[in-house]
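So this one's structure24.txt, compact mmCIF, C-alpha atoms (C1' of nucleotides):
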# COMPACT_ATOMS: atom_id res chain seq x y z
CA MET U 26 0.00 0.00 0.00
CA ARG U 27 1.34 3.36 -1.03
CA PRO U 28 1.45 5.87 1.82
CA VAL U 29 -0.26 9.20 1.46
CA PRO U 30 2.61 11.54 0.62
CA GLU U 31 3.87 13.75 3.41
CA LEU U 32 7.14 15.68 3.56
CA PRO U 33 9.53 12.71 3.22
CA GLU U 34 7.69 11.26 0.23
CA VAL U 35 7.34 14.62 -1.51
CA GLU U 36 11.00 15.38 -0.93
CA THR U 37 11.90 12.02 -2.45
CA VAL U 38 9.84 12.94 -5.51
CA ARG U 39 11.47 16.36 -5.65
CA GLN U 40 14.95 14.86 -5.73
CA GLY U 41 13.98 12.41 -8.45
CA LEU U 42 12.42 15.11 -10.59
CA ALA U 43 15.38 17.41 -10.08
CA LYS U 44 17.60 14.74 -11.51
CA TRP U 45 15.43 13.77 -14.47
CA VAL U 46 13.59 16.93 -15.51
CA THR U 47 15.83 19.91 -14.75
CA GLY U 48 17.16 21.65 -17.85
CA ARG U 49 14.66 20.05 -20.25
CA ARG U 50 12.40 22.01 -22.60
CA ILE U 51 8.71 21.16 -22.69
CA THR U 52 7.27 20.78 -26.17
CA SER U 53 3.71 19.68 -25.44
CA VAL U 54 1.32 19.15 -22.58
CA GLU U 55 -1.74 16.89 -22.62
CA VAL U 56 -4.39 17.28 -19.94
CA HIS U 57 -6.34 14.04 -19.75
CA HIS U 58 -8.58 15.02 -16.85
CA PRO U 59 -9.75 18.60 -16.20
CA ARG U 60 -9.84 18.11 -12.45
CA ALA U 61 -6.06 17.70 -12.42
CA VAL U 62 -5.68 21.40 -13.34
CA ARG U 63 -8.79 22.72 -11.57
CA ARG U 64 -6.70 25.27 -9.64
CA HIS U 65 -5.61 26.78 -12.92
CA LEU U 66 -8.59 29.05 -13.52
CA PRO U 67 -7.87 29.92 -17.20
CA GLY U 68 -8.44 26.25 -17.95
CA ALA U 69 -6.70 23.18 -19.31
CA GLU U 70 -6.10 24.54 -22.81
CA HIS U 71 -4.38 27.62 -21.47
CA PHE U 72 -2.35 25.49 -19.09
CA ALA U 73 -1.04 23.42 -21.98
CA ALA U 74 -0.44 26.38 -24.29
CA VAL U 75 1.44 28.53 -21.82
CA LEU U 76 3.85 25.75 -20.88
CA ALA U 77 4.82 24.68 -24.39
CA GLY U 78 8.34 25.88 -25.16
CA ARG U 79 9.31 26.52 -21.54
CA THR U 80 12.38 24.99 -19.92
CA VAL U 81 12.33 23.58 -16.40
CA VAL U 82 15.21 25.13 -14.48
CA ASP U 83 14.80 23.61 -11.00
CA VAL U 84 12.50 21.57 -8.77
CA CYS U 85 11.57 23.04 -5.39
CA ARG U 86 9.36 22.11 -2.46
CA ARG U 87 7.39 23.93 0.21
CA GLY U 88 5.81 21.53 2.68
CA LYS U 89 3.90 19.03 0.55
CA TYR U 90 3.82 21.34 -2.47
CA LEU U 91 6.28 21.08 -5.33
CA TRP U 92 7.02 23.75 -7.89
CA LEU U 93 9.09 23.72 -11.04
CA PRO U 94 10.60 27.14 -11.83
CA LEU U 95 10.69 27.87 -15.56
CA ASP U 96 13.04 29.90 -17.74
CA SER U 97 10.25 32.47 -18.13
CA GLY U 98 10.24 33.26 -14.42
CA ASP U 99 6.96 31.43 -13.98
CA ALA U 100 6.43 28.00 -12.43
CA ILE U 101 4.46 24.81 -12.50
CA ILE U 102 2.90 24.05 -9.10
CA GLY U 103 2.14 20.47 -8.11
CA HIS U 104 0.47 18.77 -5.17
CA LEU U 105 0.20 15.00 -4.93
CA GLY U 106 -2.87 15.01 -2.70
CA MET U 107 -3.57 11.53 -1.41
CA SER U 108 -2.67 9.38 -4.34
CA GLY U 109 -0.74 11.50 -6.80
CA GLN U 110 2.47 10.42 -8.50
CA LEU U 111 4.87 12.28 -10.76
CA LEU U 112 6.42 9.61 -12.93
CA VAL U 113 9.28 9.86 -15.40
CA GLN U 114 8.45 7.29 -18.03
CA PRO U 115 9.76 6.23 -21.44
CA PRO U 116 7.53 7.57 -24.25
CA ASP U 117 6.55 4.05 -25.27
CA ALA U 118 5.41 3.05 -21.79
CA PRO U 119 1.66 2.33 -21.80
CA ASP U 120 -0.56 5.01 -20.33
CA GLU U 121 -1.32 4.51 -16.68
CA THR U 122 -4.97 3.93 -15.76
CA HIS U 123 -5.14 7.23 -13.91
CA LEU U 124 -2.89 9.30 -16.16
CA ARG U 125 -4.05 12.91 -15.78
CA VAL U 126 -1.35 15.07 -17.40
CA ARG U 127 1.52 14.25 -19.77
CA PHE U 128 4.54 16.46 -20.52
CA ARG U 129 6.70 15.76 -23.58
CA PHE U 130 10.17 17.24 -23.96
CA ALA U 131 12.21 18.58 -26.85
CA ASP U 132 14.92 15.97 -26.42
CA GLY U 133 12.44 13.23 -27.28
CA GLY U 134 13.38 11.39 -24.10
CA SER U 135 11.35 10.38 -21.11
CA GLU U 136 7.96 11.93 -20.40
CA LEU U 137 6.79 13.46 -17.16
CA ARG U 138 3.41 12.06 -16.17
CA PHE U 139 1.04 13.14 -13.43
CA VAL U 140 -0.93 10.08 -12.35
CA ASP U 141 -3.60 10.35 -9.65
CA GLN U 142 -6.33 7.90 -8.77
CA ARG U 143 -8.39 9.98 -6.35
CA THR U 144 -7.72 13.35 -7.99
CA PHE U 145 -7.16 15.21 -4.75
CA GLY U 146 -3.85 16.32 -6.17
CA GLY U 147 -3.32 18.66 -9.07
CA LEU U 148 -1.11 20.94 -11.13
CA ALA U 149 -1.30 24.66 -11.78
CA TYR U 150 0.61 27.39 -13.55
CA SER U 151 1.97 30.23 -11.43
CA GLU U 152 2.75 33.46 -13.24
CA GLY U 153 5.98 34.92 -11.89
CA GLY U 154 6.19 32.15 -9.34
CA ALA U 155 9.69 30.87 -9.96
CA GLU U 156 11.03 32.11 -6.62
CA LEU U 157 7.98 31.12 -4.56
CA PRO U 158 4.53 30.91 -6.11
CA ALA U 159 2.08 33.33 -4.50
CA GLU U 160 -0.44 30.49 -4.47
CA ILE U 161 1.57 28.64 -1.84
CA ALA U 162 3.10 31.56 0.04
CA HIS U 163 0.73 30.85 2.94
CA ILE U 164 2.35 27.46 3.53
CA ALA U 165 4.80 27.56 6.42
CA ARG U 166 8.37 26.34 6.20
CA ASP U 167 8.94 22.74 7.20
CA PRO U 168 11.03 21.77 10.25
CA MET U 169 13.89 20.52 8.06
CA ASP U 170 14.19 23.96 6.44
CA PRO U 171 17.26 25.87 7.71
CA LEU U 172 15.12 29.00 7.99
CA PHE U 173 12.44 27.30 10.09
CA SER U 174 12.25 29.07 13.45
CA ASP U 175 11.87 26.77 16.44
CA PRO U 176 10.98 29.57 18.88
CA ASP U 177 8.38 30.95 16.47
CA PHE U 178 6.80 27.51 16.16
CA VAL U 179 6.72 26.96 19.91
CA ALA U 180 5.19 30.37 20.48
CA GLY U 181 2.72 29.96 17.63
CA LEU U 182 1.64 26.55 18.87
CA ARG U 183 1.06 27.76 22.41
CA ARG U 184 -0.81 30.83 21.17
CA LYS U 185 -3.36 28.68 19.39
CA ARG U 186 -6.71 27.86 20.95
CA SER U 187 -6.89 24.42 19.48
CA GLU U 188 -5.77 20.84 19.90
CA VAL U 189 -2.22 19.70 19.33
CA LYS U 190 -2.91 17.31 16.46
CA ARG U 191 -5.00 19.86 14.61
CA ALA U 192 -2.12 22.28 15.00
CA LEU U 193 0.39 19.80 13.58
CA LEU U 194 -1.83 19.33 10.54
CA ASP U 195 -2.19 23.10 10.05
CA GLN U 196 0.19 23.76 7.16
CA THR U 197 0.34 27.46 7.94
CA LEU U 198 2.00 26.76 11.29
CA ILE U 199 4.33 23.93 10.31
CA SER U 200 4.29 22.21 6.93
CA GLY U 201 4.94 18.73 5.69
CA VAL U 202 3.19 16.87 8.50
CA GLY U 203 0.17 14.71 7.71
CA ASN U 204 -1.93 12.21 9.62
CA ILE U 205 0.70 9.48 9.76
CA TYR U 206 3.70 11.46 10.99
CA ALA U 207 1.52 13.54 13.32
CA ASP U 208 0.44 10.35 15.10
CA GLU U 209 4.01 9.06 15.21
CA ALA U 210 5.38 12.29 16.67
CA LEU U 211 2.59 12.42 19.25
CA TRP U 212 3.30 8.82 20.27
CA ARG U 213 6.97 9.63 20.79
CA SER U 214 5.98 12.72 22.76
CA ARG U 215 3.49 10.75 24.89
CA LEU U 216 0.87 13.35 24.04
CA HIS U 217 -2.73 12.70 23.08
CA GLY U 218 -3.70 14.65 19.96
CA LEU U 219 -6.61 16.30 21.76
CA ARG U 220 -4.34 18.02 24.26
CA PRO U 221 -5.01 21.76 24.22
CA THR U 222 -2.18 23.66 22.60
CA ASP U 223 -2.41 26.60 24.98
CA ALA U 224 -1.77 24.32 27.95
CA LEU U 225 1.47 22.89 26.56
CA THR U 226 4.57 24.05 28.40
CA LYS U 227 7.45 25.42 26.38
CA PRO U 228 9.56 22.33 27.11
CA ALA U 229 6.71 20.04 26.06
CA ALA U 230 6.20 21.97 22.82
CA THR U 231 9.94 21.94 22.17
CA ARG U 232 10.12 18.18 22.72
CA LEU U 233 7.17 17.67 20.38
CA LEU U 234 8.93 19.64 17.67
CA ALA U 235 12.08 17.57 18.14
CA HIS U 236 10.07 14.38 17.71
CA VAL U 237 8.34 15.74 14.60
CA ARG U 238 11.74 16.53 13.15
CA ASP U 239 13.12 13.11 14.07
CA VAL U 240 10.17 11.23 12.57
CA LEU U 241 10.35 13.17 9.32
CA GLY U 242 14.13 12.84 9.16
CA GLU U 243 14.07 9.09 9.69
CA ALA U 244 11.41 8.61 7.04
CA LEU U 245 13.41 10.79 4.68
CA VAL U 246 16.47 8.61 5.10
CA ALA U 247 14.42 5.43 4.74
CA GLY U 248 12.73 6.71 1.60
CA GLY U 249 15.84 8.18 0.09
CA THR U 250 16.39 5.42 -2.37
CA SER U 251 18.58 5.84 -5.40
CA PHE U 252 17.30 7.52 -8.52
CA ASP U 253 19.26 5.45 -10.97
CA ALA U 254 16.09 3.90 -12.23
CA LEU U 255 14.20 5.94 -14.80
CA TYR U 256 11.15 5.95 -12.60
CA VAL U 257 10.20 8.44 -9.95
CA ASP U 258 7.61 7.30 -7.48
CA VAL U 259 6.21 7.90 -4.08
CA ASN U 260 7.28 4.54 -2.93
CA GLY U 261 5.77 2.44 -0.16
CA GLU U 262 8.58 -0.09 -0.11
CA SER U 263 10.94 2.11 1.86
CA GLY U 264 10.86 -0.13 4.88
CA TYR U 265 9.89 2.72 7.13
CA PHE U 266 6.30 1.64 6.92
CA ASP U 267 7.17 -1.99 7.50
CA ARG U 268 9.23 -1.56 10.63
CA SER U 269 9.17 1.90 12.12
CA LEU U 270 5.57 2.85 12.77
CA ASN U 271 4.69 2.87 16.45
CA ALA U 272 1.11 4.12 16.32
CA TYR U 273 -0.35 4.72 12.86
CA GLY U 274 -2.36 1.79 11.56
CA ARG U 275 -1.57 -0.42 14.56
CA GLU U 276 -5.04 -0.66 16.14
CA GLY U 277 -5.12 -3.51 18.67
CA GLU U 278 -1.41 -4.24 18.37
CA PRO U 279 0.80 -3.84 21.45
CA CYS U 280 2.40 -0.49 22.12
CA HIS U 281 6.13 -0.81 21.50
CA ARG U 282 6.74 0.99 24.79
CA CYS U 283 4.25 -0.42 27.29
CA GLY U 284 2.42 -3.26 25.54
CA ALA U 285 -1.06 -1.78 25.82
CA PRO U 286 -3.14 -2.29 22.65
CA ILE U 287 -3.02 0.74 20.37
CA ARG U 288 -6.40 2.43 20.02
CA ARG U 289 -8.01 4.02 17.01
CA GLU U 290 -10.31 7.01 17.41
CA PRO U 291 -12.28 9.00 14.83
CA PHE U 292 -10.79 12.41 14.20
CA MET U 293 -11.68 14.96 11.54
CA ASN U 294 -13.36 12.35 9.32
CA ARG U 295 -10.29 10.12 9.54
CA SER U 296 -8.50 8.14 12.25
CA SER U 297 -6.05 8.84 15.01
CA TYR U 298 -3.91 6.11 16.54
CA SER U 299 -2.42 6.34 20.01
CA CYS U 300 -1.46 4.36 23.07
CA PRO U 301 -4.18 4.53 25.72
CA ARG U 302 -1.62 4.20 28.50
CA CYS U 303 1.29 6.35 27.24
CA GLN U 304 -1.00 8.99 25.71
CA PRO U 305 -3.94 9.50 28.06
CA ARG U 306 -6.80 11.63 26.82
CA PRO U 307 -6.84 15.09 28.35
CA ARG U 308 -9.35 15.38 31.17
CA ARG U 309 -10.53 18.69 29.81
CA GLY U 310 -10.84 19.96 26.30
CA ILE U 311 -9.48 23.29 25.15
CA SER U 312 -10.05 26.12 27.56
CA PRO U 313 -12.88 28.57 26.93
CA GLY U 314 -11.87 31.39 24.63
CA THR U 315 -10.85 34.62 26.27
CA ARG U 316 -10.06 36.51 23.10
CA SER U 317 -13.31 38.41 22.68
CA GLY U 318 -12.64 40.88 25.44
CA GLY U 319 -10.50 42.84 22.98
C1' DC H 3 -9.42 36.90 11.78
C1' DG H 4 -9.21 32.30 14.20
C1' DC H 5 -11.10 28.06 14.34
C1' DG H 6 -13.45 23.89 12.88
C1' DC H 7 -16.54 21.49 9.80
C1' DC H 8 -17.68 20.02 5.11
C1' DT H 9 -16.51 18.55 0.66
C1' DC H 10 -14.05 16.94 -3.18
C1' DC H 11 -12.73 11.74 -5.25
C1' DT H 12 -12.42 6.45 -6.31
C1' DG H 13 -10.60 1.82 -5.37
C1' DT H 14 -10.53 -1.61 -1.80
C1' DG H 15 -12.25 -4.32 1.87
C1' DT H 16 -16.04 -6.05 4.67
C1' DG H 17 -20.50 -7.49 6.25
C1' DC H 18 -25.05 -9.09 5.29
C1' DT Z 11 -23.18 -13.07 -5.91
C1' DG Z 12 -24.33 -8.53 -5.29
C1' DC Z 13 -25.22 -4.56 -2.90
C1' DA Z 14 -24.31 -0.99 0.61
C1' DC Z 15 -21.17 1.21 3.08
C1' DA Z 16 -16.88 2.32 5.75
C1' DC Z 17 -12.43 3.84 4.85
C1' DA Z 18 -8.18 6.17 3.12
C1' DG Z 19 -7.21 12.06 4.03
C1' DG Z 20 -4.94 16.98 2.10
C1' DA Z 21 -6.52 21.38 1.95
C1' DG Z 22 -9.60 24.98 -0.04
C1' DG Z 23 -13.72 27.15 1.15
C1' DC Z 24 -17.00 28.74 4.08
C1' DG Z 25 -19.83 29.52 8.30
C1' DC Z 26 -19.76 31.08 12.89

What would the structure in this file look like if it were written as structure tokens?
Amino acid sequence: MRPVPELPEVETVRQGLAKWVTGRRITSVEVHHPRAVRRHLPGAEHFAAVLAGRTVVDVCRRGKYLWLPLDSGDAIIGHLGMSGQLLVQPPDAPDETHLRVRFRFADGGSELRFVDQRTFGGLAYSEGGAELPAEIAHIARDPMDPLFSDPDFVAGLRRKRSEVKRALLDQTLISGVGNIYADEALWRSRLHGLRPTDALTKPAATRLLAHVRDVLGEALVAGGTSFDALYVDVNGESGYFDRSLNAYGREGEPCHRCGAPIRREPFMNRSSYSCPRCQPRPRRGISPGTRSGG
DNA sequence: CGCGCCTCCTGTGTGC
DNA sequence: TGCACACAGGAGGCGC
């Protein structure tokens, strides 16, 4: 089973694309499904037309977003959503079942294909977005970014009137974290995801951030396979998912720390996994708001 | 403006 | 065998 891409998976894709697509000139773009470019308001035809003739000069990432700066100063924005893949395939490779967008290049070599079963992902064109597309400027830096500010994160987290897991999934506070790594970091921190953010001490928030960084870093190393193969994929065979998960997806299995069976709870129309003993539910929810006094 | 809920989407697995 | 439904969940949009 392919994991839903979070920071480590997207970074793996970024590195693969950087190797195989940088410096190549696009000659044609085929949009096979309009939903794949729904964020591009001028439409699929415009998307294809404006990209023809452009050269990809780099591949960058902000959280779970990718963007490909172009020689024109513009950029292609990409998000993999839940099931998206950016594949580099030989031109004669058969079309994938869920092929949504195909890029052909002037060198006649491999194609870039956006494949996405559930179509939560998509591509867009960002005018003038080579440096950082305005469309994703609201996304925070990720904790592996050298310019990520730990004190700002700790302060921002504790200023929120919310729950800690919600805050980890809020890409405007910290980016790159999804449901899986949020649960893993919370397990390591011995925190239940419903813990109120404004009741976290600075040391507790700092420890949580360290665990988030560790979890992402370990997954990055595990997923950092070689790119010798002419095939870029968000790959579920990294081994991280086979051996290293302590909470996510382990309902009923013994906690690796205390042996208690891991529990699954509904959360935001999905699931949260935690240890009932190491991560007790908070006795109270978030404190009543006191902001309105203003 | 901050926060939280709803919705988009389709293949897979499960229970009756 | 077939149908109904739960489930996977990122993030934009919107209501309060």

Kindly provide the residues of chain U that approach chain Z to within 10 Å, each paired with its closest atom pair and their distance in Å to one decimal, based on only C-alpha atoms (C1' of nucleotides), listed by chain and increasing number, as CSV.
residue,atom,partner,partner_atom,distance
U:Pro28,CA,Z:DA18,C1',9.7
U:Val29,CA,Z:DG19,C1',7.9
U:Pro30,CA,Z:DG20,C1',9.4
U:Glu31,CA,Z:DG20,C1',9.5
U:Lys89,CA,Z:DG20,C1',9.2
U:His104,CA,Z:DG20,C1',9.2
U:Leu105,CA,Z:DG20,C1',8.9
U:Gly106,CA,Z:DG20,C1',5.6
U:Met107,CA,Z:DG19,C1',6.6
U:Ser108,CA,Z:DA18,C1',9.8
U:Phe145,CA,Z:DG20,C1',7.4
U:Gly146,CA,Z:DG20,C1',8.4
U:Leu194,CA,Z:DG20,C1',9.3
U:Asp195,CA,Z:DA21,C1',9.3
U:Gln196,CA,Z:DA21,C1',8.8
U:Gly203,CA,Z:DG20,C1',7.9
U:Asn204,CA,Z:DG19,C1',7.7
U:Met293,CA,Z:DG19,C1',9.2
U:Asn294,CA,Z:DG19,C1',8.1
U:Arg295,CA,Z:DG19,C1',6.6
U:Ser296,CA,Z:DG19,C1',9.2

### Task
Identify, on the basis of only C-alpha atoms (C1' of nucleotides), every residue whose closest approach to stretch 7-18 of chain H does not exceed 7 Å; exclude the query and any residue fewer than 6 positions from it along the same chain; express the result as an NGL selection string.
:U and (142-145)

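Shortest atom-to-atom contact with U:Pro176 among U:Thr37, U:Thr231, U:Ser214, U:Thr197: U:Thr231, counting only C-alpha atoms.
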
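Atom CA of U:Gly48 lies 20.3 Å from atom CA of U:Val35.
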
#### Entry: Pairwise distance for atom C1' of H:DG6 and atom CA of U:Ala61, rounded to one decimal in Å
27.1 Å

### Task
Show which residues sit within 9 Å of U:Arg184, as a list in words. Count all atoms listed in the file, and ignore same-chain residues fewer than 5 positions away.
Val179, Thr222 and Asp223 of chain U

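The coordinates place atom CA of U:Val62 at 29.0 Å from atom C1' of H:DC5.
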
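Minimum distance to chain H across U:Leu76, U:Leu234, U:Leu157, U:Ser187 (counting all atoms listed in the file) occurs at U:Ser187.
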
Determine, counting all atoms listed in the file, which protein, DNA and RNA residues have an atom within 9 Å of an atom of U:Arg275; residues of the same chain fewer than 3 positions away are not included. Present the result as a short mmCIF file (atom, residue, chain, number, x, y, z; two decimals) with C-alpha atoms, keeping the file's coordinate frame.
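This went into selection-v3.cif:
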data_model
loop_
_atom_site.label_atom_id
_atom_site.label_comp_id
_atom_site.auth_asym_id
_atom_site.auth_seq_id
_atom_site.Cartn_x
_atom_site.Cartn_y
_atom_site.Cartn_z
CA LEU U 270 5.57 2.85 12.77
CA ASN U 271 4.69 2.87 16.45
CA ALA U 272 1.11 4.12 16.32
CA GLU U 278 -1.41 -4.24 18.37
CA PRO U 279 0.80 -3.84 21.45
CA CYS U 280 2.40 -0.49 22.12
CA PRO U 286 -3.14 -2.29 22.65
CA ILE U 287 -3.02 0.74 20.37
CA ARG U 288 -6.40 2.43 20.02
CA ARG U 289 -8.01 4.02 17.01
CA TYR U 298 -3.91 6.11 16.54
CA SER U 299 -2.42 6.34 20.01
#

Would it be fine to have chain Z, with N, CA and C atoms (P, O5', C5', C4', C3', O3' and C1' of nucleotides), given as a short mmCIF file (atom, residue, chain, number, x, y, z; two decimals), in the first residue's frame?
data_model
loop_
_atom_site.label_atom_id
_atom_site.label_comp_id
_atom_site.auth_asym_id
_atom_site.auth_seq_id
_atom_site.Cartn_x
_atom_site.Cartn_y
_atom_site.Cartn_z
P DT Z 11 -19.91 -16.49 -7.78
"O5'" DT Z 11 -21.05 -15.41 -7.53
"C5'" DT Z 11 -22.31 -15.61 -8.14
"C4'" DT Z 11 -23.17 -14.41 -7.84
"C3'" DT Z 11 -22.51 -13.07 -8.19
"O3'" DT Z 11 -23.46 -12.29 -8.90
"C1'" DT Z 11 -23.18 -13.07 -5.91
P DG Z 12 -23.08 -10.96 -9.65
"O5'" DG Z 12 -23.82 -9.88 -8.74
"C5'" DG Z 12 -25.12 -10.17 -8.26
"C4'" DG Z 12 -25.49 -9.16 -7.21
"C3'" DG Z 12 -24.90 -7.77 -7.42
"O3'" DG Z 12 -25.89 -6.80 -7.15
"C1'" DG Z 12 -24.33 -8.53 -5.29
P DC Z 13 -25.86 -5.39 -7.83
"O5'" DC Z 13 -26.38 -4.47 -6.65
"C5'" DC Z 13 -27.36 -4.99 -5.74
"C4'" DC Z 13 -27.03 -4.55 -4.34
"C3'" DC Z 13 -26.57 -3.10 -4.23
"O3'" DC Z 13 -27.54 -2.36 -3.50
"C1'" DC Z 13 -25.22 -4.56 -2.90
P DA Z 14 -27.46 -0.77 -3.44
"O5'" DA Z 14 -26.88 -0.55 -1.97
"C5'" DA Z 14 -27.44 -1.26 -0.88
"C4'" DA Z 14 -26.63 -0.98 0.37
"C3'" DA Z 14 -26.18 0.47 0.50
"O3'" DA Z 14 -26.46 0.92 1.82
"C1'" DA Z 14 -24.31 -0.99 0.61
P DC Z 15 -26.23 2.47 2.20
"O5'" DC Z 15 -24.83 2.39 2.96
"C5'" DC Z 15 -24.62 1.36 3.92
"C4'" DC Z 15 -23.15 1.28 4.26
"C3'" DC Z 15 -22.46 2.64 4.42
"O3'" DC Z 15 -21.75 2.62 5.65
"C1'" DC Z 15 -21.17 1.21 3.08
P DA Z 16 -21.40 4.02 6.38
"O5'" DA Z 16 -20.01 3.68 7.08
"C5'" DA Z 16 -19.80 2.38 7.62
"C4'" DA Z 16 -18.33 2.02 7.56
"C3'" DA Z 16 -17.38 3.17 7.90
"O3'" DA Z 16 -16.35 2.66 8.74
"C1'" DA Z 16 -16.88 2.32 5.75
P DC Z 17 -15.37 3.68 9.45
"O5'" DC Z 17 -14.16 3.76 8.42
"C5'" DC Z 17 -13.52 2.56 8.01
"C4'" DC Z 17 -12.51 2.87 6.94
"C3'" DC Z 17 -11.77 4.19 7.13
"O3'" DC Z 17 -10.41 3.91 7.40
"C1'" DC Z 17 -12.43 3.84 4.85
P DA Z 18 -9.50 4.98 8.14
"O5'" DA Z 18 -8.57 5.53 6.97
"C5'" DA Z 18 -7.66 4.66 6.33
"C4'" DA Z 18 -7.22 5.25 5.03
"C3'" DA Z 18 -6.96 6.76 5.10
"O3'" DA Z 18 -5.62 6.99 5.50
"C1'" DA Z 18 -8.18 6.17 3.12
P DG Z 19 -5.31 8.04 6.62
"O5'" DG Z 19 -5.54 9.44 5.90
"C5'" DG Z 19 -4.64 9.86 4.89
"C4'" DG Z 19 -5.09 11.18 4.32
"C3'" DG Z 19 -5.31 12.28 5.37
"O3'" DG Z 19 -4.80 13.50 4.87
"C1'" DG Z 19 -7.21 12.06 4.03
P DG Z 20 -3.39 14.00 5.46
"O5'" DG Z 20 -2.99 15.11 4.40
"C5'" DG Z 20 -2.58 14.73 3.09
"C4'" DG Z 20 -2.86 15.86 2.14
"C3'" DG Z 20 -2.67 17.26 2.71
"O3'" DG Z 20 -2.13 18.09 1.69
"C1'" DG Z 20 -4.94 16.98 2.10
P DA Z 21 -1.69 19.56 2.08
"O5'" DA Z 21 -2.98 20.46 1.81
"C5'" DA Z 21 -3.44 20.59 0.48
"C4'" DA Z 21 -4.74 21.38 0.49
"C3'" DA Z 21 -4.70 22.66 1.33
"O3'" DA Z 21 -5.46 23.64 0.65
"C1'" DA Z 21 -6.52 21.38 1.95
P DG Z 22 -4.90 25.05 0.38
"O5'" DG Z 22 -6.07 25.70 -0.51
"C5'" DG Z 22 -6.52 25.00 -1.66
"C4'" DG Z 22 -8.02 25.13 -1.78
"C3'" DG Z 22 -8.56 26.53 -1.50
"O3'" DG Z 22 -9.59 26.81 -2.45
"C1'" DG Z 22 -9.60 24.98 -0.04
P DG Z 23 -10.21 28.26 -2.57
"O5'" DG Z 23 -11.58 28.12 -1.77
"C5'" DG Z 23 -12.50 27.10 -2.13
"C4'" DG Z 23 -13.65 27.10 -1.18
"C3'" DG Z 23 -14.12 28.50 -0.74
"O3'" DG Z 23 -15.53 28.55 -0.87
"C1'" DG Z 23 -13.72 27.15 1.15
P DC Z 24 -16.29 29.95 -0.85
"O5'" DC Z 24 -17.29 29.76 0.38
"C5'" DC Z 24 -17.82 28.46 0.66
"C4'" DC Z 24 -18.17 28.35 2.12
"C3'" DC Z 24 -18.70 29.65 2.74
"O3'" DC Z 24 -19.87 29.36 3.47
"C1'" DC Z 24 -17.00 28.74 4.08
P DG Z 25 -20.98 30.51 3.68
"O5'" DG Z 25 -21.51 30.11 5.13
"C5'" DG Z 25 -21.66 28.73 5.48
"C4'" DG Z 25 -21.52 28.56 6.97
"C3'" DG Z 25 -22.15 29.68 7.80
"O3'" DG Z 25 -22.78 29.11 8.93
"C1'" DG Z 25 -19.83 29.52 8.30
P DC Z 26 -23.81 30.00 9.79
"O5'" DC Z 26 -22.99 30.20 11.13
"C5'" DC Z 26 -22.46 29.07 11.83
"C4'" DC Z 26 -21.49 29.53 12.88
"C3'" DC Z 26 -21.97 30.75 13.68
"O3'" DC Z 26 -21.84 30.47 15.07
"C1'" DC Z 26 -19.76 31.08 12.89
#
